[in-house]
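Text of input_39.cif, listed as mmCIF, C-alpha atoms:
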data_structure
loop_
_atom_site.group_PDB
_atom_site.id
_atom_site.type_symbol
_atom_site.label_atom_id
_atom_site.label_comp_id
_atom_site.auth_asym_id
_atom_site.auth_seq_id
_atom_site.Cartn_x
_atom_site.Cartn_y
_atom_site.Cartn_z
ATOM 1 C CA MET A 1 -58.191 27.252 24.421
ATOM 2 C CA VAL A 2 -59.860 30.528 23.534
ATOM 3 C CA ALA A 3 -58.253 30.556 20.076
ATOM 4 C CA ALA A 4 -59.294 26.959 19.379
ATOM 5 C CA GLU A 5 -62.826 27.659 20.550
ATOM 6 C CA LYS A 6 -63.031 30.720 18.314
ATOM 7 C CA ILE A 7 -61.909 28.665 15.322
ATOM 8 C CA GLU A 8 -64.597 26.084 16.017
ATOM 9 C CA LYS A 9 -67.233 28.777 16.472
ATOM 10 C CA TYR A 10 -66.298 30.616 13.272
ATOM 11 C CA THR A 11 -66.308 27.475 11.136
ATOM 12 C CA GLN A 12 -69.267 25.643 12.625
ATOM 13 C CA GLY A 13 -71.522 24.413 9.850
ATOM 14 C CA LEU A 14 -69.261 25.705 7.082
ATOM 15 C CA SER A 15 -68.089 23.753 4.094
ATOM 16 C CA TYR A 16 -64.609 24.213 2.697
ATOM 17 C CA ASP A 17 -66.029 26.343 -0.128
ATOM 18 C CA ASP A 18 -67.939 28.537 2.358
ATOM 19 C CA PHE A 19 -64.707 28.982 4.290
ATOM 20 C CA LEU A 20 -62.836 30.052 1.149
ATOM 21 C CA ASP A 21 -65.602 32.431 0.094
ATOM 22 C CA ASN A 22 -65.652 34.301 3.408
ATOM 23 C CA ASP A 23 -62.514 36.408 3.839
ATOM 24 C CA LEU A 24 -63.518 37.560 7.322
ATOM 25 C CA ILE A 25 -63.797 34.004 8.584
ATOM 26 C CA SER A 26 -60.690 32.707 6.840
ATOM 27 C CA ASP A 27 -58.665 35.681 8.112
ATOM 28 C CA ALA A 28 -59.974 35.185 11.663
ATOM 29 C CA VAL A 29 -59.175 31.478 11.560
ATOM 30 C CA ILE A 30 -55.651 32.139 10.306
ATOM 31 C CA LYS A 31 -55.107 34.733 13.034
ATOM 32 C CA ASN A 32 -56.153 32.229 15.685
ATOM 33 C CA ILE A 33 -53.948 29.500 14.212
ATOM 34 C CA LEU A 34 -51.086 31.999 14.534
ATOM 35 C CA VAL A 35 -52.028 32.516 18.193
ATOM 36 C CA ILE A 36 -51.987 28.757 18.772
ATOM 37 C CA GLY A 37 -48.604 28.464 17.058
ATOM 38 C CA GLU A 38 -47.129 31.285 19.107
ATOM 39 C CA THR A 39 -48.486 29.659 22.245
ATOM 40 C CA ALA A 40 -46.880 26.351 21.278
ATOM 41 C CA LYS A 41 -43.525 28.112 20.989
ATOM 42 C CA ASN A 42 -43.863 29.381 24.558
ATOM 43 C CA ILE A 43 -44.929 26.176 26.282
ATOM 44 C CA PRO A 44 -42.347 25.243 28.932
ATOM 45 C CA ASP A 45 -40.047 22.345 28.041
ATOM 46 C CA GLU A 46 -41.248 20.388 31.063
ATOM 47 C CA MET A 47 -44.785 20.418 29.733
ATOM 48 C CA ARG A 48 -43.676 19.569 26.184
ATOM 49 C CA GLN A 49 -41.791 16.543 27.480
ATOM 50 C CA ALA A 50 -44.742 15.480 29.605
ATOM 51 C CA SER A 51 -47.091 15.655 26.619
ATOM 52 C CA PRO A 52 -45.177 14.397 23.569
ATOM 53 C CA HIS A 53 -48.447 13.346 21.900
ATOM 54 C CA ILE A 54 -49.204 17.021 21.250
ATOM 55 C CA GLU A 55 -47.647 18.283 18.026
ATOM 56 C CA TRP A 56 -45.937 21.323 19.572
ATOM 57 C CA ARG A 57 -43.307 21.671 16.841
ATOM 58 C CA LYS A 58 -45.795 21.317 14.012
ATOM 59 C CA MET A 59 -47.994 24.030 15.528
ATOM 60 C CA ALA A 60 -45.028 26.355 15.905
ATOM 61 C CA GLY A 61 -43.779 25.484 12.430
ATOM 62 C CA MET A 62 -47.119 26.258 10.834
ATOM 63 C CA ARG A 63 -47.132 29.608 12.588
ATOM 64 C CA ASP A 64 -43.634 30.352 11.302
ATOM 65 C CA MET A 65 -44.552 29.463 7.735
ATOM 66 C CA MET A 66 -47.649 31.668 7.873
ATOM 67 C CA ILE A 67 -46.097 34.668 9.595
ATOM 68 C CA HIS A 68 -42.861 34.759 7.622
ATOM 69 C CA GLY A 69 -44.468 33.953 4.306
ATOM 70 C CA TYR A 70 -42.173 31.070 3.493
ATOM 71 C CA PHE A 71 -44.915 29.822 1.207
ATOM 72 C CA SER A 72 -48.307 31.134 0.297
ATOM 73 C CA ILE A 73 -51.026 29.939 2.638
ATOM 74 C CA ASN A 74 -52.401 26.561 1.637
ATOM 75 C CA TYR A 75 -56.061 26.765 2.570
ATOM 76 C CA ARG A 76 -56.531 23.008 2.209
ATOM 77 C CA ILE A 77 -53.998 22.521 5.002
ATOM 78 C CA VAL A 78 -55.671 25.241 7.076
ATOM 79 C CA TRP A 79 -59.031 23.522 6.589
ATOM 80 C CA ASP A 80 -57.544 20.151 7.581
ATOM 81 C CA VAL A 81 -56.189 21.760 10.753
ATOM 82 C CA VAL A 82 -59.610 23.266 11.486
ATOM 83 C CA ARG A 83 -61.464 19.999 11.013
ATOM 84 C CA ASN A 84 -58.968 17.427 12.260
ATOM 85 C CA LYS A 85 -56.305 18.998 14.477
ATOM 86 C CA ILE A 86 -58.130 21.665 16.501
ATOM 87 C CA PRO A 87 -60.667 19.270 18.106
ATOM 88 C CA VAL A 88 -57.870 16.867 19.089
ATOM 89 C CA LEU A 89 -55.756 19.722 20.431
ATOM 90 C CA LYS A 90 -58.643 20.901 22.604
ATOM 91 C CA GLN A 91 -59.002 17.401 24.066
ATOM 92 C CA HIS A 92 -55.289 17.223 24.870
ATOM 93 C CA VAL A 93 -55.274 20.655 26.517
ATOM 94 C CA GLU A 94 -58.340 19.768 28.571
ATOM 95 C CA ARG A 95 -56.566 16.594 29.693
ATOM 96 C CA LEU A 96 -53.503 18.630 30.679
ATOM 97 C CA LEU A 97 -55.704 20.926 32.724
ATOM 98 C CA ASN A 98 -57.315 17.952 34.449
ATOM 99 C CA GLU A 99 -53.906 16.456 35.193
ATOM 100 C CA SER A 100 -52.764 19.793 36.644
ATOM 101 C CA TRP A 101 -49.703 20.068 34.389
ATOM 102 C CA ILE A 102 -50.565 23.656 33.790
ATOM 103 C CA SER A 103 -52.763 26.114 35.571
ATOM 104 C CA ILE A 104 -55.934 27.437 34.034
ATOM 105 C CA GLN A 105 -54.531 30.971 34.379
ATOM 106 C CA THR A 106 -51.558 30.041 32.208
ATOM 107 C CA ILE A 107 -53.777 28.503 29.536
ATOM 108 C CA CYS A 108 -56.076 31.525 29.524
ATOM 109 C CA ALA A 109 -53.201 33.985 29.329
ATOM 110 C CA VAL A 110 -51.349 32.145 26.606
ATOM 111 C CA TRP A 111 -54.327 31.143 24.463
ATOM 112 C CA GLU A 112 -56.008 34.546 24.274
#

Can you give me the file's structure in the form of structure tokens?
Amino acid sequence: MVAAEKIEKYTQGLSYDDFLDNDLISDAVIKNILVIGETAKNIPDEMRQASPHIEWRKMAGMRDMMIHGYFSINYRIVWDVVRNKIPVLKQHVERLLNESWISIQTICAVWE
């Protein structure tokens, strides 16, 4: 959750153009999306199966595309993730924590 919270903090009040114009913010956001993608790759299968509504494969796939440079980074997609996917992801993770599918220590360790 730390990575998602950082993304929200860094982009709060920004427009898409502001995001593009600020290399420090866009780089930090991309780094944290990579962290989220890496985390998604390491989520136990039991938890993935118990929470199929979370787009685990898409998160991991986005990370792979960014890290391996399959394509250049599409900042419109990054911005869509920031605005539309991250808030939903946070809600799902909070629900998982409340349902005790995963311990808070695991979330903190994996999401940092």

Determine the nearest neighbour of Asp23 of chain A from the options A:Trp56, A:Met62, A:Thr39, A:Tyr75, counting only C-alpha atoms.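 Answer, going by the shortest atom-to-atom distance: A:Tyr75.
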
What does the structure give for the distance between atom CA of Arg57 of chain A and atom CA of Ala40 of chain A, in Å to one decimal? 7.4 Å

With the file shown as input, list the residues that the PyMOL selection byres ((chain A and resi 26-31) around 10) selects, as a PyMOL selection string. chain A and resi 3-4+6-11+18-25+32-37+63+66-67+73+75+78-79+82

Suppose you want the space between atom CA of Gly61 of chain A and atom CA of Glu94 of chain A; what is it in Å?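 If I compute the distance from atom CA of Gly61 of chain A to atom CA of Glu94 of chain A, I get 22.5 Å.
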
Tell me, in Å to one decimal, how far atom CA of Gln91 of chain A is from atom CA of Ser51 of chain A. 12.3 Å

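Of the residues under consideration (A:His92, A:Met1, A:Leu97, A:Gln12), A:His92 shows the shortest atom-to-atom contact distance to Pro52 of chain A when counting only C-alpha atoms.
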
Could you tell me which residues the PyMOL selection byres ((chain A and resi 50) around 12) grabs in this file, written as a list in words?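 Selected by the PyMOL selection byres ((chain A and resi 50) around 12) in this file: Ile43, Pro44, Asp45, Glu46, Met47, Arg48, Gln49, Ser51, Pro52, His53, Ile54, Trp56, His92, Arg95, Leu96, Glu99, Ser100, Trp101 and Ile102 of chain A.
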
Nearest to Lys41 of chain A: which of A:Val2, A:His68, A:Ala60, A:Glu55 is it, counting all atoms listed in the file?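 For Lys41 of chain A, the nearest of the given residues is A:Ala60.
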
Please, can segment 23-53 of chain A be completed to N, CA and C atoms and returned as a CSV table (one decimal), in the coordinates of the input?
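Done, and the output landed in part-v4.csv:
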chain,number,residue,atom,x,y,z
A,23,ASP,N,-63.8,35.9,3.4
A,23,ASP,CA,-62.5,36.4,3.8
A,23,ASP,C,-62.4,36.7,5.3
A,24,LEU,N,-63.5,37.2,5.9
A,24,LEU,CA,-63.5,37.6,7.3
A,24,LEU,C,-63.3,36.3,8.2
A,25,ILE,N,-64.0,35.2,7.8
A,25,ILE,CA,-63.8,34.0,8.6
A,25,ILE,C,-62.4,33.4,8.3
A,26,SER,N,-62.0,33.3,7.1
A,26,SER,CA,-60.7,32.7,6.8
A,26,SER,C,-59.6,33.5,7.5
A,27,ASP,N,-59.7,34.8,7.4
A,27,ASP,CA,-58.7,35.7,8.1
A,27,ASP,C,-58.7,35.5,9.6
A,28,ALA,N,-59.9,35.4,10.2
A,28,ALA,CA,-60.0,35.2,11.7
A,28,ALA,C,-59.4,33.8,12.1
A,29,VAL,N,-59.7,32.8,11.3
A,29,VAL,CA,-59.2,31.5,11.6
A,29,VAL,C,-57.7,31.5,11.5
A,30,ILE,N,-57.1,32.1,10.4
A,30,ILE,CA,-55.7,32.1,10.3
A,30,ILE,C,-55.0,32.9,11.5
A,31,LYS,N,-55.6,34.0,11.9
A,31,LYS,CA,-55.1,34.7,13.0
A,31,LYS,C,-55.1,33.8,14.3
A,32,ASN,N,-56.1,33.1,14.5
A,32,ASN,CA,-56.2,32.2,15.7
A,32,ASN,C,-55.2,31.0,15.6
A,33,ILE,N,-55.0,30.5,14.4
A,33,ILE,CA,-53.9,29.5,14.2
A,33,ILE,C,-52.6,30.1,14.5
A,34,LEU,N,-52.3,31.3,14.2
A,34,LEU,CA,-51.1,32.0,14.5
A,34,LEU,C,-50.9,32.1,16.0
A,35,VAL,N,-52.0,32.4,16.7
A,35,VAL,CA,-52.0,32.5,18.2
A,35,VAL,C,-51.7,31.2,18.8
A,36,ILE,N,-52.3,30.1,18.3
A,36,ILE,CA,-52.0,28.8,18.8
A,36,ILE,C,-50.5,28.4,18.5
A,37,GLY,N,-50.0,28.7,17.4
A,37,GLY,CA,-48.6,28.5,17.1
A,37,GLY,C,-47.6,29.2,18.0
A,38,GLU,N,-48.0,30.5,18.2
A,38,GLU,CA,-47.1,31.3,19.1
A,38,GLU,C,-47.2,30.7,20.5
A,39,THR,N,-48.3,30.3,20.9
A,39,THR,CA,-48.5,29.7,22.2
A,39,THR,C,-47.6,28.4,22.3
A,40,ALA,N,-47.7,27.6,21.3
A,40,ALA,CA,-46.9,26.4,21.3
A,40,ALA,C,-45.4,26.6,21.4
A,41,LYS,N,-44.9,27.7,20.9
A,41,LYS,CA,-43.5,28.1,21.0
A,41,LYS,C,-43.1,28.5,22.4
A,42,ASN,N,-44.1,28.9,23.2
A,42,ASN,CA,-43.9,29.4,24.6
A,42,ASN,C,-44.2,28.4,25.7
A,43,ILE,N,-44.6,27.2,25.3
A,43,ILE,CA,-44.9,26.2,26.3
A,43,ILE,C,-43.6,25.7,26.9
A,44,PRO,N,-43.6,25.7,28.3
A,44,PRO,CA,-42.3,25.2,28.9
A,44,PRO,C,-41.9,23.8,28.5
A,45,ASP,N,-40.6,23.6,28.5
A,45,ASP,CA,-40.0,22.3,28.0
A,45,ASP,C,-40.6,21.2,28.9
A,46,GLU,N,-40.7,21.4,30.2
A,46,GLU,CA,-41.2,20.4,31.1
A,46,GLU,C,-42.6,19.9,30.6
A,47,MET,N,-43.5,20.8,30.2
A,47,MET,CA,-44.8,20.4,29.7
A,47,MET,C,-44.7,19.7,28.4
A,48,ARG,N,-43.8,20.2,27.5
A,48,ARG,CA,-43.7,19.6,26.2
A,48,ARG,C,-43.2,18.1,26.4
A,49,GLN,N,-42.3,17.9,27.3
A,49,GLN,CA,-41.8,16.5,27.5
A,49,GLN,C,-42.9,15.7,28.1
A,50,ALA,N,-43.7,16.2,28.9
A,50,ALA,CA,-44.7,15.5,29.6
A,50,ALA,C,-45.9,15.2,28.7
A,51,SER,N,-46.0,15.9,27.6
A,51,SER,CA,-47.1,15.7,26.6
A,51,SER,C,-46.6,15.6,25.2
A,52,PRO,N,-45.8,14.5,24.9
A,52,PRO,CA,-45.2,14.4,23.6
A,52,PRO,C,-46.2,14.1,22.5
A,53,HIS,N,-47.4,13.7,22.9
A,53,HIS,CA,-48.4,13.3,21.9
A,53,HIS,C,-49.0,14.6,21.3
